[in-house]
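I have placed the structure first, in the form of C-alpha cells, so that the comments after it can refer back to it.
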Amino acid sequence: MIISVEELKTLVDIDETFSDSKLAMMLDGLEMLIRKKTNNHFHIKNVRFEMTVQDGQLVGSFDHLNVGDTIEVSASEYNHNAVACITAISGSVITLNKALQPEDGTIVITKVVYPPDVIQGVVNLMDYDIHNRDRVGVKSESLSRHSVTYYDGGDQQYGYPSSLMDFITPYCKARF
C-alpha cells in the first residue's frame, strides 16, 4: 500500500462519509493505476525471497521485511502479481492484509517501496477525490443568469486533472 488509511487521515481532512474500507479501496485503486500507467513495480530487487504459502500466509526465511511493508508476490499459477501489506510477523510466518491462494512449491516475493513524491501525489489525488470529485467537469460558473462552462476533457487523465497526474511521469518505464 502506498500510504495507510491512518496516515492519509492525518494529512487530509476527511469527513465521516468515507469509511476506512472505502478509503482503503480507493488507495488500492490508485496504487494499481500508478503501477499500470508507469509500468513500474517500484521493486527493491535486493530484498527478494522465495517462500511457500500455507493457510494464506507466507512461510520461510526472510530479512529486511517489517510490519507495514508492501510486498509483491511475483506472477505464479494462482497469485498473479498480488500486492499486499505485511500485517504481522511471527517467527518465520508473515501474515498479509490479503489472503494468498495455496501454491505447490515456492513463490517469489519482492519488497515494494514508493518514493516520497509518489506518496505525495497519491495524497493530492485522494484530497481531490474527497473534496472536488463532485465538481468534475465544471470549468467555470457564473451566478448572474447562471452560466456553467464544462471541460472538454482534453486536460484530464484517468478522471483527474493532468496537473495532478504529472508526478508519475519520471517513473514511467518503456513497455516491450
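Labels for the C-alpha cells follow display order: chains A, B, ..., residues from 1 in each chain, ligands from 1.
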
*From chain A, collect each residue whose DSSP state is alpha helix (DSSP H) and return the set as a PyMOL selection string.*
chain A and resi 5-11+20-38+116-132+162-165

Just write the chosen residues, N, CA and C atoms, as a short mmCIF file (atom, residue, chain, number, x, y, z; two decimals), in the first residue's frame.
```cif
data_model
loop_
_atom_site.label_atom_id
_atom_site.label_comp_id
_atom_site.auth_asym_id
_atom_site.auth_seq_id
_atom_site.Cartn_x
_atom_site.Cartn_y
_atom_site.Cartn_z
N VAL A 5 -4.32 4.13 5.56
CA VAL A 5 -5.51 4.97 5.78
C VAL A 5 -5.27 5.90 6.97
N GLU A 6 -4.60 5.41 8.01
CA GLU A 6 -4.33 6.23 9.19
C GLU A 6 -3.44 7.42 8.84
N GLU A 7 -2.38 7.18 8.05
CA GLU A 7 -1.50 8.27 7.62
C GLU A 7 -2.26 9.26 6.75
N LEU A 8 -3.10 8.76 5.86
CA LEU A 8 -3.89 9.63 4.99
C LEU A 8 -4.79 10.54 5.81
N LYS A 9 -5.39 10.00 6.86
CA LYS A 9 -6.29 10.80 7.69
C LYS A 9 -5.57 11.93 8.42
N THR A 10 -4.27 11.75 8.69
CA THR A 10 -3.52 12.83 9.33
C THR A 10 -3.15 13.93 8.34
N LEU A 11 -3.11 13.59 7.04
CA LEU A 11 -2.68 14.55 6.02
C LEU A 11 -3.83 15.23 5.29
N ASP A 20 -13.24 3.68 6.51
CA ASP A 20 -11.87 3.19 6.33
C ASP A 20 -11.78 2.19 5.19
N SER A 21 -12.79 1.34 5.05
CA SER A 21 -12.76 0.35 3.98
C SER A 21 -12.87 1.01 2.61
N LYS A 22 -13.67 2.07 2.51
CA LYS A 22 -13.79 2.78 1.23
C LYS A 22 -12.48 3.50 0.91
N LEU A 23 -11.86 4.12 1.90
CA LEU A 23 -10.57 4.79 1.68
C LEU A 23 -9.50 3.78 1.27
N ALA A 24 -9.49 2.61 1.91
CA ALA A 24 -8.52 1.57 1.55
C ALA A 24 -8.73 1.10 0.13
N MET A 25 -9.99 0.96 -0.27
CA MET A 25 -10.29 0.54 -1.63
C MET A 25 -9.84 1.60 -2.64
N MET A 26 -10.05 2.88 -2.32
CA MET A 26 -9.62 3.97 -3.20
C MET A 26 -8.09 4.00 -3.32
N LEU A 27 -7.40 3.80 -2.19
CA LEU A 27 -5.93 3.77 -2.20
C LEU A 27 -5.41 2.59 -3.01
N ASP A 28 -6.03 1.42 -2.88
CA ASP A 28 -5.63 0.25 -3.68
C ASP A 28 -5.82 0.52 -5.17
N GLY A 29 -6.93 1.17 -5.51
CA GLY A 29 -7.19 1.51 -6.91
C GLY A 29 -6.15 2.46 -7.47
N LEU A 30 -5.78 3.46 -6.69
CA LEU A 30 -4.74 4.40 -7.15
C LEU A 30 -3.39 3.70 -7.28
N GLU A 31 -3.09 2.79 -6.36
CA GLU A 31 -1.83 2.05 -6.45
C GLU A 31 -1.77 1.24 -7.75
N MET A 32 -2.84 0.54 -8.08
CA MET A 32 -2.88 -0.24 -9.31
C MET A 32 -2.81 0.67 -10.54
N LEU A 33 -3.50 1.81 -10.49
CA LEU A 33 -3.46 2.76 -11.60
C LEU A 33 -2.04 3.24 -11.85
N ILE A 34 -1.34 3.61 -10.80
CA ILE A 34 0.04 4.11 -10.94
C ILE A 34 0.96 3.02 -11.45
N ARG A 35 0.83 1.81 -10.93
CA ARG A 35 1.68 0.71 -11.38
C ARG A 35 1.43 0.37 -12.85
N LYS A 36 0.17 0.40 -13.29
CA LYS A 36 -0.15 0.11 -14.69
C LYS A 36 0.30 1.25 -15.60
N LYS A 37 0.02 2.48 -15.21
CA LYS A 37 0.36 3.65 -16.04
C LYS A 37 1.86 3.79 -16.23
N THR A 38 2.63 3.55 -15.16
CA THR A 38 4.08 3.73 -15.24
C THR A 38 4.82 2.49 -15.73
N PRO A 116 8.94 9.27 -2.08
CA PRO A 116 8.12 10.28 -1.39
C PRO A 116 7.24 11.11 -2.32
N ASP A 117 7.71 11.43 -3.53
CA ASP A 117 6.88 12.24 -4.42
C ASP A 117 5.69 11.46 -4.95
N VAL A 118 5.80 10.14 -5.06
CA VAL A 118 4.65 9.32 -5.45
C VAL A 118 3.63 9.30 -4.31
N ILE A 119 4.12 9.18 -3.08
CA ILE A 119 3.23 9.21 -1.92
C ILE A 119 2.50 10.55 -1.85
N GLN A 120 3.23 11.65 -2.03
CA GLN A 120 2.61 12.97 -2.00
C GLN A 120 1.61 13.13 -3.15
N GLY A 121 1.91 12.59 -4.30
CA GLY A 121 0.98 12.63 -5.43
C GLY A 121 -0.31 11.89 -5.13
N VAL A 122 -0.20 10.74 -4.46
CA VAL A 122 -1.40 9.98 -4.09
C VAL A 122 -2.21 10.74 -3.05
N VAL A 123 -1.54 11.39 -2.12
CA VAL A 123 -2.25 12.21 -1.13
C VAL A 123 -3.02 13.32 -1.84
N ASN A 124 -2.40 13.96 -2.82
CA ASN A 124 -3.07 15.03 -3.58
C ASN A 124 -4.26 14.48 -4.37
N LEU A 125 -4.11 13.30 -4.96
CA LEU A 125 -5.22 12.68 -5.69
C LEU A 125 -6.38 12.32 -4.75
N MET A 126 -6.06 11.80 -3.58
CA MET A 126 -7.10 11.47 -2.61
C MET A 126 -7.79 12.74 -2.12
N ASP A 127 -7.03 13.80 -1.90
CA ASP A 127 -7.63 15.08 -1.49
C ASP A 127 -8.58 15.58 -2.57
N TYR A 128 -8.17 15.45 -3.83
CA TYR A 128 -9.04 15.84 -4.95
C TYR A 128 -10.30 14.98 -4.97
N ASP A 129 -10.14 13.67 -4.80
CA ASP A 129 -11.30 12.76 -4.79
C ASP A 129 -12.28 13.13 -3.68
N ILE A 130 -11.76 13.43 -2.52
CA ILE A 130 -12.62 13.69 -1.36
C ILE A 130 -13.30 15.05 -1.43
N HIS A 131 -12.58 16.07 -1.89
CA HIS A 131 -13.12 17.43 -1.82
C HIS A 131 -13.63 18.00 -3.14
N ASN A 132 -13.18 17.48 -4.28
CA ASN A 132 -13.54 18.10 -5.56
C ASN A 132 -14.20 17.17 -6.55
N SER A 162 -4.76 16.85 -15.35
CA SER A 162 -3.41 16.44 -15.78
C SER A 162 -2.33 16.94 -14.83
N SER A 163 -2.53 18.12 -14.27
CA SER A 163 -1.53 18.68 -13.36
C SER A 163 -1.36 17.81 -12.11
N LEU A 164 -2.39 17.09 -11.70
CA LEU A 164 -2.27 16.20 -10.54
C LEU A 164 -1.62 14.87 -10.89
N MET A 165 -1.63 14.49 -12.17
CA MET A 165 -1.05 13.22 -12.58
C MET A 165 0.39 13.34 -13.07
#
```

*Could you please write out, as a ChimeraX atom specification, every residue of range 14-171 of chain A that DSSP assigns to strand (DSSP E)?*
/A:43-54,57-59,70-73,82-90,93-96,107-112,138-142,147-150,156-157,160-161

Filtering to C-alpha atoms, could you give me those residues as a PDB file, in the first residue's frame?
```
ATOM      1  CA  HIS A  43      10.716  -3.150  -6.534  1.00  0.00           C
ATOM      2  CA  ILE A  44      13.698  -3.203  -4.229  1.00  0.00           C
ATOM      3  CA  LYS A  45      15.435  -6.040  -6.041  1.00  0.00           C
ATOM      4  CA  ASN A  46      17.918  -6.633  -3.225  1.00  0.00           C
ATOM      5  CA  VAL A  47      15.034  -7.655  -0.949  1.00  0.00           C
ATOM      6  CA  ARG A  48      13.632 -10.691  -2.756  1.00  0.00           C
ATOM      7  CA  PHE A  49      12.862 -14.072  -1.183  1.00  0.00           C
ATOM      8  CA  GLU A  50      11.495 -17.492  -2.061  1.00  0.00           C
ATOM      9  CA  MET A  51       8.726 -18.586   0.303  1.00  0.00           C
ATOM     10  CA  THR A  52       5.847 -21.044   0.496  1.00  0.00           C
ATOM     11  CA  VAL A  53       2.143 -20.333   1.058  1.00  0.00           C
ATOM     12  CA  GLN A  54       0.356 -22.149   3.876  1.00  0.00           C
ATOM     13  CA  GLN A  57       0.251 -16.893   4.926  1.00  0.00           C
ATOM     14  CA  LEU A  58       3.864 -16.807   3.776  1.00  0.00           C
ATOM     15  CA  VAL A  59       6.315 -19.192   5.407  1.00  0.00           C
ATOM     16  CA  THR A  70       4.440  -3.685   0.966  1.00  0.00           C
ATOM     17  CA  ILE A  71       5.425  -6.801  -0.957  1.00  0.00           C
ATOM     18  CA  GLU A  72       4.603  -8.186  -4.372  1.00  0.00           C
ATOM     19  CA  VAL A  73       4.117 -11.878  -4.984  1.00  0.00           C
ATOM     20  CA  ALA A  82      -0.553  -9.859  -5.833  1.00  0.00           C
ATOM     21  CA  VAL A  83       0.428  -6.712  -3.942  1.00  0.00           C
ATOM     22  CA  ALA A  84      -0.128  -6.911  -0.202  1.00  0.00           C
ATOM     23  CA  CYS A  85       0.879  -5.235   3.033  1.00  0.00           C
ATOM     24  CA  ILE A  86       2.502  -7.139   5.899  1.00  0.00           C
ATOM     25  CA  THR A  87       0.240  -7.012   8.966  1.00  0.00           C
ATOM     26  CA  ALA A  88       2.140  -9.363  11.293  1.00  0.00           C
ATOM     27  CA  ILE A  89       5.396 -11.301  11.509  1.00  0.00           C
ATOM     28  CA  SER A  90       5.718 -14.269  13.844  1.00  0.00           C
ATOM     29  CA  VAL A  93       5.429 -16.691   9.201  1.00  0.00           C
ATOM     30  CA  ILE A  94       4.267 -13.484   7.520  1.00  0.00           C
ATOM     31  CA  THR A  95       0.592 -12.520   7.691  1.00  0.00           C
ATOM     32  CA  LEU A  96      -0.682 -10.233   4.944  1.00  0.00           C
ATOM     33  CA  ILE A 107       6.860 -18.379  -4.765  1.00  0.00           C
ATOM     34  CA  VAL A 108       8.999 -15.255  -5.021  1.00  0.00           C
ATOM     35  CA  ILE A 109       8.185 -12.129  -3.040  1.00  0.00           C
ATOM     36  CA  THR A 110       9.800  -8.736  -3.550  1.00  0.00           C
ATOM     37  CA  LYS A 111       9.709  -5.674  -1.325  1.00  0.00           C
ATOM     38  CA  VAL A 112       7.991  -2.626  -2.832  1.00  0.00           C
ATOM     39  CA  VAL A 138     -17.136  22.097 -14.362  1.00  0.00           C
ATOM     40  CA  LYS A 139     -14.627  24.629 -15.687  1.00  0.00           C
ATOM     41  CA  SER A 140     -16.356  27.823 -14.559  1.00  0.00           C
ATOM     42  CA  GLU A 141     -19.659  29.083 -13.217  1.00  0.00           C
ATOM     43  CA  SER A 142     -21.325  32.486 -13.189  1.00  0.00           C
ATOM     44  CA  SER A 147     -23.825  30.219 -16.771  1.00  0.00           C
ATOM     45  CA  VAL A 148     -21.838  26.989 -16.467  1.00  0.00           C
ATOM     46  CA  THR A 149     -18.856  26.058 -18.675  1.00  0.00           C
ATOM     47  CA  TYR A 150     -17.660  22.456 -18.758  1.00  0.00           C
ATOM     48  CA  GLN A 156      -7.632  15.202 -17.801  1.00  0.00           C
ATOM     49  CA  GLN A 157      -6.038  11.806 -17.309  1.00  0.00           C
ATOM     50  CA  TYR A 160      -8.015  13.589 -12.687  1.00  0.00           C
ATOM     51  CA  PRO A 161      -6.643  16.952 -13.852  1.00  0.00           C
TER      52      PRO A 161
END
```

*Which residues come within 10 Å of Asp55 in chain A, counting only C-alpha atoms, excluding same-chain residues fewer than 6 positions away, as a list in words?*
Thr95, Ala99, Leu100, Gln101 and Pro102 of chain A

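Picture a line from CA of Thr169 in chain A to CA of Arg133 in chain A; it runs 22.8 Å.
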
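Using only C-alpha atoms, the nearest neighbour of Tyr114 in chain A within the list A:Val67, A:Ile14, A:Ile168, A:Ala174 is A:Ile168.
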
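Computed from the coordinates, the CA of Asn97 in chain A to CA of Gly68 in chain A distance equals 9.7 Å.
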